[in-house]
Structures are given as C-alpha cells and as structure tokens.
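Reproduced below: upload_6.tsv, with TSV, C-alpha atoms.
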```
chain	number	residue	atom	x	y	z
E	4	MET	CA	148.64	23.12	33.17
E	5	ASN	CA	149.68	23.93	29.61
E	6	PRO	CA	147.14	26.48	28.23
E	7	LYS	CA	146.46	24.40	25.09
E	8	LEU	CA	146.06	21.22	27.12
E	9	LYS	CA	143.74	23.03	29.56
E	10	GLN	CA	141.58	24.28	26.65
E	11	ALA	CA	141.35	20.78	25.18
E	12	PHE	CA	140.39	19.34	28.56
E	13	CYS	CA	137.59	21.90	28.97
E	14	GLN	CA	136.26	21.14	25.50
E	15	PHE	CA	136.31	17.41	26.28
E	16	LYS	CA	134.53	18.05	29.61
E	17	ASN	CA	131.77	20.02	27.86
E	18	VAL	CA	131.29	17.32	25.25
E	19	LEU	CA	131.21	14.65	27.95
E	20	SER	CA	128.60	16.63	29.94
E	21	GLY	CA	126.52	17.01	26.83
E	22	MET	CA	126.67	13.29	26.17
E	23	ILE	CA	125.57	12.53	29.73
E	24	LEU	CA	122.74	15.09	29.46
E	25	LEU	CA	121.51	13.66	26.16
E	26	ALA	CA	121.71	10.14	27.51
E	27	SER	CA	119.43	11.11	30.39
E	28	VAL	CA	116.65	12.31	28.01
E	29	PRO	CA	114.61	9.61	26.23
E	30	THR	CA	114.67	9.71	22.46
E	31	MET	CA	111.42	10.41	20.64
E	32	SER	CA	110.79	6.69	20.11
E	33	GLU	CA	111.58	5.88	23.73
E	34	ALA	CA	109.31	8.63	25.05
E	35	GLN	CA	106.54	7.40	22.76
E	36	ALA	CA	107.03	3.84	23.93
E	37	LEU	CA	106.60	4.93	27.53
E	38	SER	CA	103.12	6.31	26.74
E	39	ASP	CA	102.00	3.42	24.52
E	40	THR	CA	100.09	0.34	25.60
E	41	THR	CA	98.61	-2.68	23.83
E	42	ILE	CA	95.46	-4.21	25.28
E	43	THR	CA	93.65	-7.35	24.19
E	44	ILE	CA	89.95	-7.62	24.98
E	45	LYS	CA	88.35	-11.00	24.44
E	46	VAL	CA	84.71	-11.48	23.56
E	47	LEU	CA	83.19	-14.30	25.58
E	48	GLY	CA	79.94	-16.20	25.23
E	49	GLY	CA	76.94	-14.55	26.83
E	50	LEU	CA	77.43	-11.13	25.19
E	51	GLN	CA	80.29	-9.91	27.35
E	52	PHE	CA	83.77	-8.47	27.08
E	53	ASP	CA	86.24	-10.26	29.36
E	54	THR	CA	87.54	-6.84	30.46
E	55	PRO	CA	84.57	-4.61	31.37
E	56	ARG	CA	86.70	-1.64	32.46
E	57	LEU	CA	90.15	-0.14	31.91
E	58	VAL	CA	92.11	2.59	33.70
E	59	LEU	CA	94.47	4.82	31.68
E	60	LYS	CA	96.46	8.00	32.04
E	61	PRO	CA	95.59	10.88	29.67
E	62	ASN	CA	97.41	10.88	26.31
E	63	THR	CA	98.05	7.13	26.40
E	64	ARG	CA	98.22	5.78	22.87
E	65	VAL	CA	96.23	2.56	22.96
E	66	THR	CA	96.47	-0.28	20.50
E	67	LEU	CA	93.42	-2.42	21.19
E	68	ILE	CA	92.98	-5.94	19.88
E	69	LEU	CA	89.45	-7.33	19.85
E	70	ASP	CA	89.70	-11.15	19.99
E	71	ASN	CA	86.35	-12.81	19.30
E	72	HIS	CA	86.02	-16.10	21.19
E	73	ASP	CA	82.23	-16.16	20.87
E	74	ASP	CA	80.12	-18.01	18.32
E	75	MET	CA	78.59	-14.86	16.81
E	76	ALA	CA	79.85	-11.63	15.27
E	77	HIS	CA	80.66	-8.54	17.37
E	78	ASN	CA	82.28	-5.12	17.13
E	79	PHE	CA	83.91	-2.62	19.51
E	80	VAL	CA	82.78	1.01	19.52
E	81	LEU	CA	84.39	3.61	21.78
E	82	THR	CA	82.17	6.62	22.48
E	83	LYS	CA	82.41	9.99	24.11
E	84	PRO	CA	81.42	10.19	27.78
E	85	SER	CA	77.74	9.52	28.56
E	86	SER	CA	77.04	8.59	24.92
E	87	ARG	CA	76.74	4.79	24.90
E	88	LEU	CA	72.95	4.50	24.76
E	89	LYS	CA	72.66	7.29	22.22
E	90	VAL	CA	75.13	5.53	19.90
E	91	VAL	CA	73.34	2.19	20.40
E	92	GLU	CA	70.04	3.84	19.43
E	93	GLU	CA	71.61	5.46	16.36
E	94	ALA	CA	73.06	2.08	15.33
E	95	ALA	CA	69.62	0.47	15.61
E	96	LYS	CA	68.20	3.09	13.25
E	97	LEU	CA	70.67	2.15	10.49
E	98	ALA	CA	68.28	-0.66	9.54
E	99	GLU	CA	69.16	-2.01	6.07
E	100	ARG	CA	72.39	0.05	5.96
E	101	GLY	CA	73.69	-1.48	9.18
E	102	ALA	CA	75.64	-4.43	7.81
E	103	LYS	CA	77.53	-2.29	5.28
E	104	MET	CA	78.44	0.19	8.03
E	105	ASN	CA	79.50	-2.51	10.51
E	106	TYR	CA	76.57	-1.28	12.63
E	107	VAL	CA	78.52	1.86	13.52
E	108	PRO	CA	76.61	5.11	12.99
E	109	SER	CA	78.30	8.12	11.41
E	110	SER	CA	78.24	10.15	14.59
E	111	PRO	CA	80.56	12.66	16.29
E	112	LEU	CA	79.88	10.68	19.46
E	113	VAL	CA	81.96	7.76	18.11
E	114	ILE	CA	85.68	8.06	18.87
E	115	ALA	CA	86.93	4.80	17.35
E	116	SER	CA	85.50	1.47	16.21
E	117	THR	CA	86.36	-1.88	14.69
E	118	LYS	CA	84.72	-3.61	11.79
E	119	ILE	CA	82.43	-6.55	12.48
E	120	VAL	CA	84.65	-9.33	13.84
E	121	GLU	CA	83.53	-12.82	12.95
E	122	PRO	CA	83.91	-15.77	15.37
E	123	GLY	CA	87.56	-16.79	15.80
E	124	ASN	CA	88.91	-13.58	14.28
E	125	MET	CA	90.66	-10.47	15.64
E	126	GLU	CA	90.59	-6.78	14.76
E	127	THR	CA	92.96	-3.99	15.86
E	128	LEU	CA	92.37	-0.28	16.32
E	129	SER	CA	94.34	2.59	17.87
E	130	PHE	CA	93.23	5.71	19.69
E	131	VAL	CA	94.40	8.39	22.13
E	132	LEU	CA	92.22	9.81	24.91
E	133	ASP	CA	93.75	13.13	25.85
E	134	LYS	CA	91.10	14.39	28.27
E	135	ALA	CA	90.10	13.00	31.65
E	136	GLY	CA	86.72	11.31	31.67
E	137	GLN	CA	84.73	8.09	31.58
E	138	TYR	CA	84.64	6.69	28.05
E	139	PRO	CA	82.13	3.89	27.37
E	140	TYR	CA	82.78	1.10	24.90
E	141	VAL	CA	80.07	-1.13	23.50
E	142	CYS	CA	79.16	-3.70	20.88
E	143	THR	CA	76.58	-2.14	18.56
E	144	TYR	CA	75.73	-5.34	16.69
E	145	PRO	CA	71.90	-5.50	16.67
E	146	GLY	CA	70.58	-6.27	20.12
E	147	HIS	CA	73.95	-6.39	21.89
E	148	GLY	CA	74.41	-2.81	23.02
E	149	TYR	CA	72.09	-2.90	26.01
E	150	VAL	CA	74.01	-5.70	27.73
E	151	MET	CA	77.49	-5.79	26.16
E	152	PHE	CA	79.56	-2.80	27.20
E	153	GLY	CA	82.37	-1.47	29.39
E	154	VAL	CA	84.21	1.73	30.31
E	155	ILE	CA	87.65	3.33	30.15
E	156	TYR	CA	88.53	5.59	33.08
E	157	VAL	CA	91.01	8.27	32.03
E	158	GLY	CA	92.73	10.46	34.63
E	159	GLN	CA	90.10	9.79	37.28
E	160	SER	CA	90.90	10.43	40.95
E	161	TYR	CA	88.06	8.15	42.07
E	162	ILE	CA	86.97	4.85	40.57
E	163	PRO	CA	84.02	3.07	42.20
E	164	PRO	CA	84.36	-0.45	43.55
E	165	PHE	CA	83.88	-3.01	40.81
E	166	GLU	CA	80.68	-4.43	42.29
E	167	LYS	CA	79.11	-0.94	42.48
E	168	ASP	CA	80.27	0.36	39.11
E	169	THR	CA	77.16	1.10	37.04
E	170	ASN	CA	79.32	1.70	33.96
E	171	ILE	CA	79.72	-2.06	33.55
E	172	PRO	CA	77.00	-4.71	33.03
E	173	GLU	CA	75.09	-5.80	36.10
E	174	SER	CA	75.80	-9.49	35.47
E	175	GLN	CA	79.56	-8.84	35.56
E	176	ARG	CA	79.31	-6.59	38.62
E	177	ALA	CA	77.49	-9.36	40.45
E	178	GLY	CA	79.77	-12.08	39.13
E	179	THR	CA	76.82	-13.79	37.46
E	180	GLY	CA	77.96	-13.67	33.86
E	181	ASN	CA	77.07	-16.47	31.52
E	182	GLU	CA	77.97	-19.74	33.23
E	183	HIS	CA	77.85	-21.48	29.90
E	184	ALA	CA	80.46	-19.34	28.17
E	185	HIS	CA	81.74	-20.87	24.94
E	186	HIS	CA	85.46	-21.51	24.97
E	187	GLY	CA	85.59	-22.99	21.51
E	188	HIS	CA	83.87	-22.03	18.31
E	189	GLY	CA	81.28	-24.78	17.98
E	190	MET	CA	77.61	-23.89	17.91
E	191	PRO	CA	75.88	-23.71	21.29
E	192	SER	CA	72.94	-26.00	22.01
E	193	SER	CA	70.61	-22.99	22.03
E	194	PRO	CA	70.48	-20.03	19.62
E	195	HIS	CA	70.28	-17.69	22.60
E	196	PRO	CA	73.51	-16.81	24.42
E	197	TYR	CA	71.99	-17.06	27.91
E	198	PRO	CA	70.89	-20.18	29.78
E	199	ILE	CA	67.45	-21.26	28.56
E	200	GLU	CA	64.81	-19.17	30.31
E	201	PHE	CA	61.71	-17.82	28.64
E	202	PRO	CA	60.88	-15.41	27.14
E	203	LEU	CA	63.95	-15.32	24.87
E	204	VAL	CA	64.82	-12.13	22.98
E	205	TYR	CA	67.19	-12.43	20.06
E	206	ARG	CA	68.36	-9.85	17.52
E	207	THR	CA	69.12	-11.60	14.27
E	208	PHE	CA	68.51	-11.49	10.52
E	209	MET	CA	65.00	-12.84	10.01
E	210	PRO	CA	63.24	-13.63	6.73
E	211	GLU	CA	60.56	-11.19	5.54
E	212	ALA	CA	61.92	-8.44	7.80
E	213	SER	CA	64.46	-5.63	7.88
E	214	PRO	CA	67.98	-6.25	9.30
E	215	ALA	CA	66.74	-4.83	12.62
E	216	ALA	CA	64.37	-7.74	13.29
E	217	ILE	CA	63.88	-9.09	16.80
E	218	ALA	CA	62.89	-12.72	17.35
E	219	VAL	CA	61.07	-13.44	20.61
E	220	ALA	CA	60.17	-16.86	22.01
E	221	LEU	CA	57.38	-16.43	24.55
E	222	THR	CA	57.44	-20.16	25.29
E	223	PRO	CA	59.36	-23.13	23.81
E	224	THR	CA	56.70	-23.36	21.08
E	225	GLU	CA	55.20	-19.84	20.65
E	226	SER	CA	57.30	-17.15	18.97
E	227	TYR	CA	57.07	-13.96	16.95
E	228	CYS	CA	59.18	-11.59	14.84
E	229	TRP	CA	59.00	-7.85	15.62
E	230	ASP	CA	60.67	-5.54	13.12
E	231	ALA	CA	62.48	-2.64	14.85
E	232	GLY	CA	63.39	-1.15	11.48
E	233	LYS	CA	59.74	-0.80	10.46
E	234	CYS	CA	58.18	-0.71	13.97
E	235	TYR	CA	55.58	-3.42	13.67
E	236	LEU	CA	54.92	-7.10	14.27
E	237	ARG	CA	55.87	-9.11	11.19
E	238	TYR	CA	54.60	-12.61	11.94
E	239	ILE	CA	53.79	-15.19	14.62
E	240	TRP	CA	54.64	-18.85	14.52
E	241	THR	CA	54.24	-22.04	16.55
E	242	GLY	CA	56.34	-25.18	16.89
E	243	GLY	CA	59.76	-23.89	17.97
E	244	PHE	CA	62.07	-20.89	17.89
E	245	VAL	CA	64.89	-20.24	15.40
E	246	ASP	CA	67.90	-21.97	13.86
E	247	ASN	CA	70.86	-19.57	13.50
E	248	ALA	CA	73.45	-22.04	12.22
E	249	GLU	CA	73.70	-20.50	8.73
E	250	GLN	CA	73.47	-16.89	9.94
E	251	TRP	CA	76.32	-17.37	12.44
E	252	LYS	CA	78.64	-18.25	9.56
E	253	GLY	CA	78.40	-14.79	7.99
E	254	ASN	CA	77.77	-11.12	8.63
E	255	GLY	CA	74.18	-10.99	7.50
E	256	SER	CA	74.38	-12.70	4.11
E	257	LYS	CA	72.44	-15.66	5.53
E	258	LEU	CA	69.06	-15.50	7.23
E	259	THR	CA	67.93	-17.18	10.40
E	260	LYS	CA	65.51	-20.05	9.84
E	261	VAL	CA	62.12	-20.15	11.53
E	262	GLU	CA	61.53	-23.42	13.37
E	263	GLY	CA	57.82	-24.17	13.06
E	264	GLU	CA	54.74	-22.94	11.23
E	265	ILE	CA	53.98	-19.25	10.61
E	266	TYR	CA	50.22	-18.84	11.10
E	267	TRP	CA	49.84	-15.02	11.21
E	268	ARG	CA	51.45	-12.30	9.06
E	269	GLU	CA	51.16	-8.54	8.96
E	270	LYS	CA	50.73	-7.33	5.39
E	271	GLN	CA	51.28	-3.58	5.88
E	272	PHE	CA	52.01	-1.02	8.57
E	273	PRO	CA	48.95	-1.28	10.84
E	274	PHE	CA	48.53	2.29	12.16
E	275	THR	CA	46.93	5.28	10.47
E	276	ILE	CA	46.02	8.64	12.07
E	277	GLY	CA	43.10	11.04	11.72
E	278	THR	CA	40.12	11.21	9.42
E	279	LYS	CA	42.32	11.01	6.34
E	280	LYS	CA	43.94	7.90	7.77
E	281	MET	CA	47.46	9.01	6.94
E	282	VAL	CA	50.32	6.57	7.54
E	283	PRO	CA	52.47	8.18	10.25
E	284	LYS	CA	56.20	8.63	10.44
E	285	VAL	CA	57.61	6.04	12.83
E	286	ASP	CA	60.69	6.24	15.04
E	287	PHE	CA	61.96	3.26	17.04
E	288	LYS	CA	63.09	4.19	20.57
E	289	GLY	CA	64.24	0.79	21.82
E	290	TYR	CA	62.78	-1.85	24.08
E	291	LYS	CA	62.66	-2.58	27.79
E	292	LEU	CA	62.61	-5.94	29.53
E	293	LYS	CA	60.42	-6.76	32.51
E	294	LYS	CA	60.83	-10.31	33.74
E	295	ARG	CA	62.46	-10.98	30.36
E	296	LEU	CA	59.31	-9.88	28.47
E	297	PRO	CA	60.08	-7.08	25.97
E	298	THR	CA	58.06	-3.91	25.54
E	299	PHE	CA	58.80	-2.12	22.29
E	300	GLU	CA	58.77	1.68	22.35
E	301	TYR	CA	58.33	3.88	19.28
E	302	THR	CA	56.54	7.01	18.11
E	303	LEU	CA	53.88	7.68	15.47
E	304	ASP	CA	54.28	11.26	14.28
E	305	GLY	CA	55.64	12.00	17.73
E	306	ILE	CA	52.92	10.07	19.61
E	307	LYS	CA	54.47	7.65	22.09
E	308	VAL	CA	53.58	3.97	21.75
E	309	ALA	CA	54.57	1.03	23.95
E	310	GLU	CA	53.71	-2.44	22.65
E	311	THR	CA	53.92	-5.73	24.58
E	312	LEU	CA	52.99	-9.22	23.40
E	313	GLU	CA	51.89	-11.71	26.06
E	314	TRP	CA	51.10	-15.43	25.86
E	315	ASN	CA	48.10	-16.85	27.71
E	316	GLU	CA	48.71	-20.55	28.21
E	317	SER	CA	45.21	-21.48	29.39
E	318	ALA	CA	43.47	-19.61	26.55
E	319	GLN	CA	46.19	-20.43	24.00
E	320	THR	CA	46.17	-16.83	22.78
E	321	ILE	CA	48.62	-14.00	22.15
E	322	THR	CA	47.57	-10.56	23.42
E	323	ARG	CA	49.02	-7.40	21.92
E	324	VAL	CA	48.85	-4.65	24.53
E	325	PHE	CA	49.34	-1.03	23.38
E	326	VAL	CA	49.85	2.01	25.60
E	327	LEU	CA	49.44	5.33	23.77
E	328	GLY	CA	50.67	8.81	24.60
E	329	GLU	CA	48.66	12.02	24.41
E	330	ARG	CA	47.25	12.93	20.99
E	331	THR	CA	44.65	15.11	19.36
E	332	GLN	CA	43.25	12.69	16.78
E	333	THR	CA	41.74	9.23	16.54
E	334	ILE	CA	44.19	6.45	15.74
E	335	PHE	CA	43.16	3.53	13.55
E	336	PHE	CA	44.63	0.05	13.86
E	337	ASN	CA	44.26	-2.24	10.85
E	338	LEU	CA	44.15	-6.02	11.29
E	339	PRO	CA	44.97	-8.35	8.41
E	340	GLU	CA	42.17	-10.71	7.43
E	341	GLN	CA	43.45	-14.23	7.93
E	342	LYS	CA	41.41	-17.44	8.13
E	343	SER	CA	43.95	-19.00	10.47
E	344	VAL	CA	43.12	-16.68	13.40
E	345	SER	CA	40.30	-14.81	15.11
E	346	TYR	CA	40.48	-11.45	16.90
E	347	THR	CA	39.05	-9.97	20.07
E	348	ALA	CA	39.41	-6.23	20.71
E	349	LYS	CA	39.47	-4.38	24.03
E	350	ASN	CA	39.03	-0.59	24.51
E	351	GLY	CA	38.27	0.08	20.87
E	352	GLN	CA	35.68	-0.50	18.16
E	353	LEU	CA	36.59	-3.26	15.73
E	354	LYS	CA	34.71	-3.15	12.44
E	355	ASN	CA	35.68	-4.75	9.13
E	356	GLY	CA	39.19	-5.38	10.37
E	357	VAL	CA	39.79	-1.79	11.51
E	358	MET	CA	39.90	-0.74	15.14
E	359	ALA	CA	39.23	2.92	15.97
E	360	ILE	CA	41.06	4.20	19.06
E	361	PRO	CA	39.60	7.52	20.29
E	362	LYS	CA	42.02	10.18	21.48
E	363	THR	CA	40.85	9.69	25.07
E	364	VAL	CA	41.83	6.01	25.16
E	365	LYS	CA	45.27	5.40	26.64
E	366	THR	CA	45.55	1.64	26.19
E	367	PHE	CA	43.98	-1.02	23.97
E	368	SER	CA	44.49	-4.70	23.29
E	369	ILE	CA	44.12	-7.19	20.46
E	370	ILE	CA	43.78	-10.87	21.35
E	371	ILE	CA	44.88	-13.25	18.60
E	372	LYS	CA	43.64	-16.84	18.76
E	373	ARG	CA	44.72	-19.51	16.35
E	374	ASN	CA	41.74	-21.30	14.77
```
As structure tokens:
Amino acid sequence: MNPKLKQAFCQFKNVLSGMILLASVPTMSEAQALSDTTITIKVLGGLQFDTPRLVLKPNTRVTLILDNHDDMAHNFVLTKPSSRLKVVEEAAKLAERGAKMNYVPSSPLVIASTKIVEPGNMETLSFVLDKAGQYPYVCTYPGHGYVMFGVIYVGQSYIPPFEKDTNIPESQRAGTGNEHAHHGHGMPSSPHPYPIEFPLVYRTFMPEASPAAIAVALTPTESYCWDAGKCYLRYIWTGGFVDNAEQWKGNGSKLTKVEGEIYWREKQFPFTIGTKKMVPKVDFKGYKLKKRLPTFEYTLDGIKVAETLEWNESAQTITRVFVLGERTQTIFFNLPEQKSVSYTAKNGQLKNGVMAIPKTVKTFSIIIKRN
C-alpha cells in the first residue's frame, strides 16, 4: 500500500475507534438520567400515603411529587434513619410557630420536606440518599405523625415482607386502611378521618387554645379541648363535637367551631410546685391511645405526668386521672371556681379550690360533674 495512503487509513481507523468508544460511554446528561427517578405519592383519606414504602439504589436522585387527594392539609418530611418520632415530637413543640414553618422543625434530622399542601394541590421536592439505610418519611401536620408515615429502603439486602414491616402503619400492613377514603374533595360526613368510633381524637386549630390543640370526643355529646402547646385542659363542652368546614379551607387562618355548649374552662395553668407554689416549666411528650382513649404525657420541671380524661355515663361525670412520677416536693393543683360544675377529689386534700398532692402520692383524680 502507498505509504501516504496507509498513514491516512491508520489515522481514519483511530478516529473511527475513538468515535465508537465515545459512543459507548453515556454523556453526562444520559448518565444522570439513568440515576434519576420521579415518584408521585398520593395522600388518601384516613391519614395515609398511598405508597407506604419505596426501594431505591444509593445515589438515586429523586424528584418526589406529593399529590394531596385528601380533604385536609398535609406535608411530607423525610428524616434520617430512626428519627421519625423525634421529628414528630419536635414539630409538636413548635406550637404557635408551627403554621409559619409548615410544621417542619429546624432540625439536622430532617433531610427534605415540602410545604403544607392544601387539598387538591401538589408540591415537588428533590433529594439524593447516598448512604444505605432505612429513611422514614412522615406528615408532621399536628396529630398526623403517629399514624401517617412510610419508609424508603436504600441499598438494603433484606426488606421484610410487607405485612410484617413495622416501618409502615399497622393499618396498611394489615390491609385495614380507611374504608371510607375520600376520592374527591368534598367534605366528609364526619370531621374525623376514621369511621365513627368513640373516643375521637382530632388535632385541629381550636378557639381559645394554641395551634397544638387536641379535640377529643369521649361520646357523641361529651367533648373537651386539651392544649398540647400549654399542657393543660382548656375547656369541656356538651352537645356535639366540632365543625371543621372553615378550617379545612385554609392552613390555620380559620378556627374549628365547637358544636355545643362550653360549661367548664381552665383560667390558668393548674399546677404549682413546692411551698412557694412556683409555676413549673412544662414539656409535652406526646400522647398514647388505649382503646382509642388518649393519655397525655408531659413533665413539670422534669416530673413525669400522665393525664387521662374518662367519661362515666351512669354518673354523667368526667374524671381527670393523673399519674405522677417521683418528686421531692408537694404539688398543688388549682381548680377554677365555676358555678356550672362541682368537684370531687380523690387521693388529695381539696380546700378552697386547691388540691395538695403530697410527694408520696403517685396518682390522684378530679371528678367534674355538671350542675
């Protein structure tokens, strides 16, 4: 072959090889596209995400769309492993600041979050999880975080069977999610997202209370408002429960309406401690449900308190039951003077509206009867 022709052929062969080699390597945009994914999670009635768990490879760039098909506002908060409950508790402590912060605490445990998403709306966020682990996600809107959550498995060699996965809500594991899920955006017949069964516990914006108020219907006619932001019972009413129609339309600018007559109100924080009767520092720890009845847990200067309100149908009374932790001083419980009710005290001395609880007493009760 002619030397010049041979040289030209070799040069062409090298260029051709280079073209083939380059063609076999994805461009930056193509490589990025291979590691990207877009996921839509719908919010359904009954405080549940339609997708309670996801499985991803490490370093997947996720674009997540939260599509709210429910009749109330929600958010989506992705947390570091084993941090869901801690973030939910921190969100509850935001109190009056919660609405402005979309109920998302400023915490290093939060990886990514949406704003509050109103009914019928969508919100998008992006994140990358570069380390293997189990990453919880949760709605931190007041009262939702204990039942509305899910998990992202990243780079996990073992994933438990769906029905045994404790990282997702029990109702979804058992296939017993809300049977009355709302598929449109009209108001449900009940303000509570579950089928009617008493007691009802509902976190909403109540009048005369902080944004962390909890409305509880003990029966269809007997209800109360407990303020988690201030850690005390605000008021008791009879006649019905609540009307959330106006509150559902906004993000906290409207208040829930009380259905019925308020017959008892607390006028100030009821506990004081020691001979000087100092008002203690309070810290809300959450609440637990037993047969749907809530017990509120908080501390008074570090002293553990558990408070449960029970309805006695035959006596037509509400009993406030308190369980106290260890302490070194007498605790005083102050009862507001109200002509509409009478009080009966158990395990403490009630005098002039003040009940003294000695340091040796572990539990005491106040029975409230409407006159």
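Proximity of E:Asn355, E:Thr169, E:Thr331, E:Thr320 to Ile370 in chain E, computed with only C-alpha atoms, is greatest for E:Thr320.
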From the options E:Leu327, E:Ile162, E:Ala95, E:Val364, which residue's atoms come nearest to Pro145 in chain E, counting only C-alpha atoms?
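Among E:Leu327, E:Ile162, E:Ala95, E:Val364, it is E:Ala95 that comes nearest to Pro145 in chain E.
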Which of these residues is nearest to Lys279 in chain E, using all atoms listed in the file: E:Phe325, E:Phe335, E:Trp314, E:Tyr227?
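Among E:Phe325, E:Phe335, E:Trp314, E:Tyr227, it is E:Phe335 that comes nearest to Lys279 in chain E.
Picture a line from CA of Glu264 in chain E to CA of Ala98 in chain E; it runs 26.1 Å.
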What's the separation between CA of Lys349 in chain E and CA of Arg268 in chain E, in Å to one decimal place?
20.7 Å
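When all atoms listed in the file are used to compute distances to Asp53 in chain E, the closest of the residues E:Met358, E:Met125, E:Met151, E:Val65 turns out to be E:Met151.
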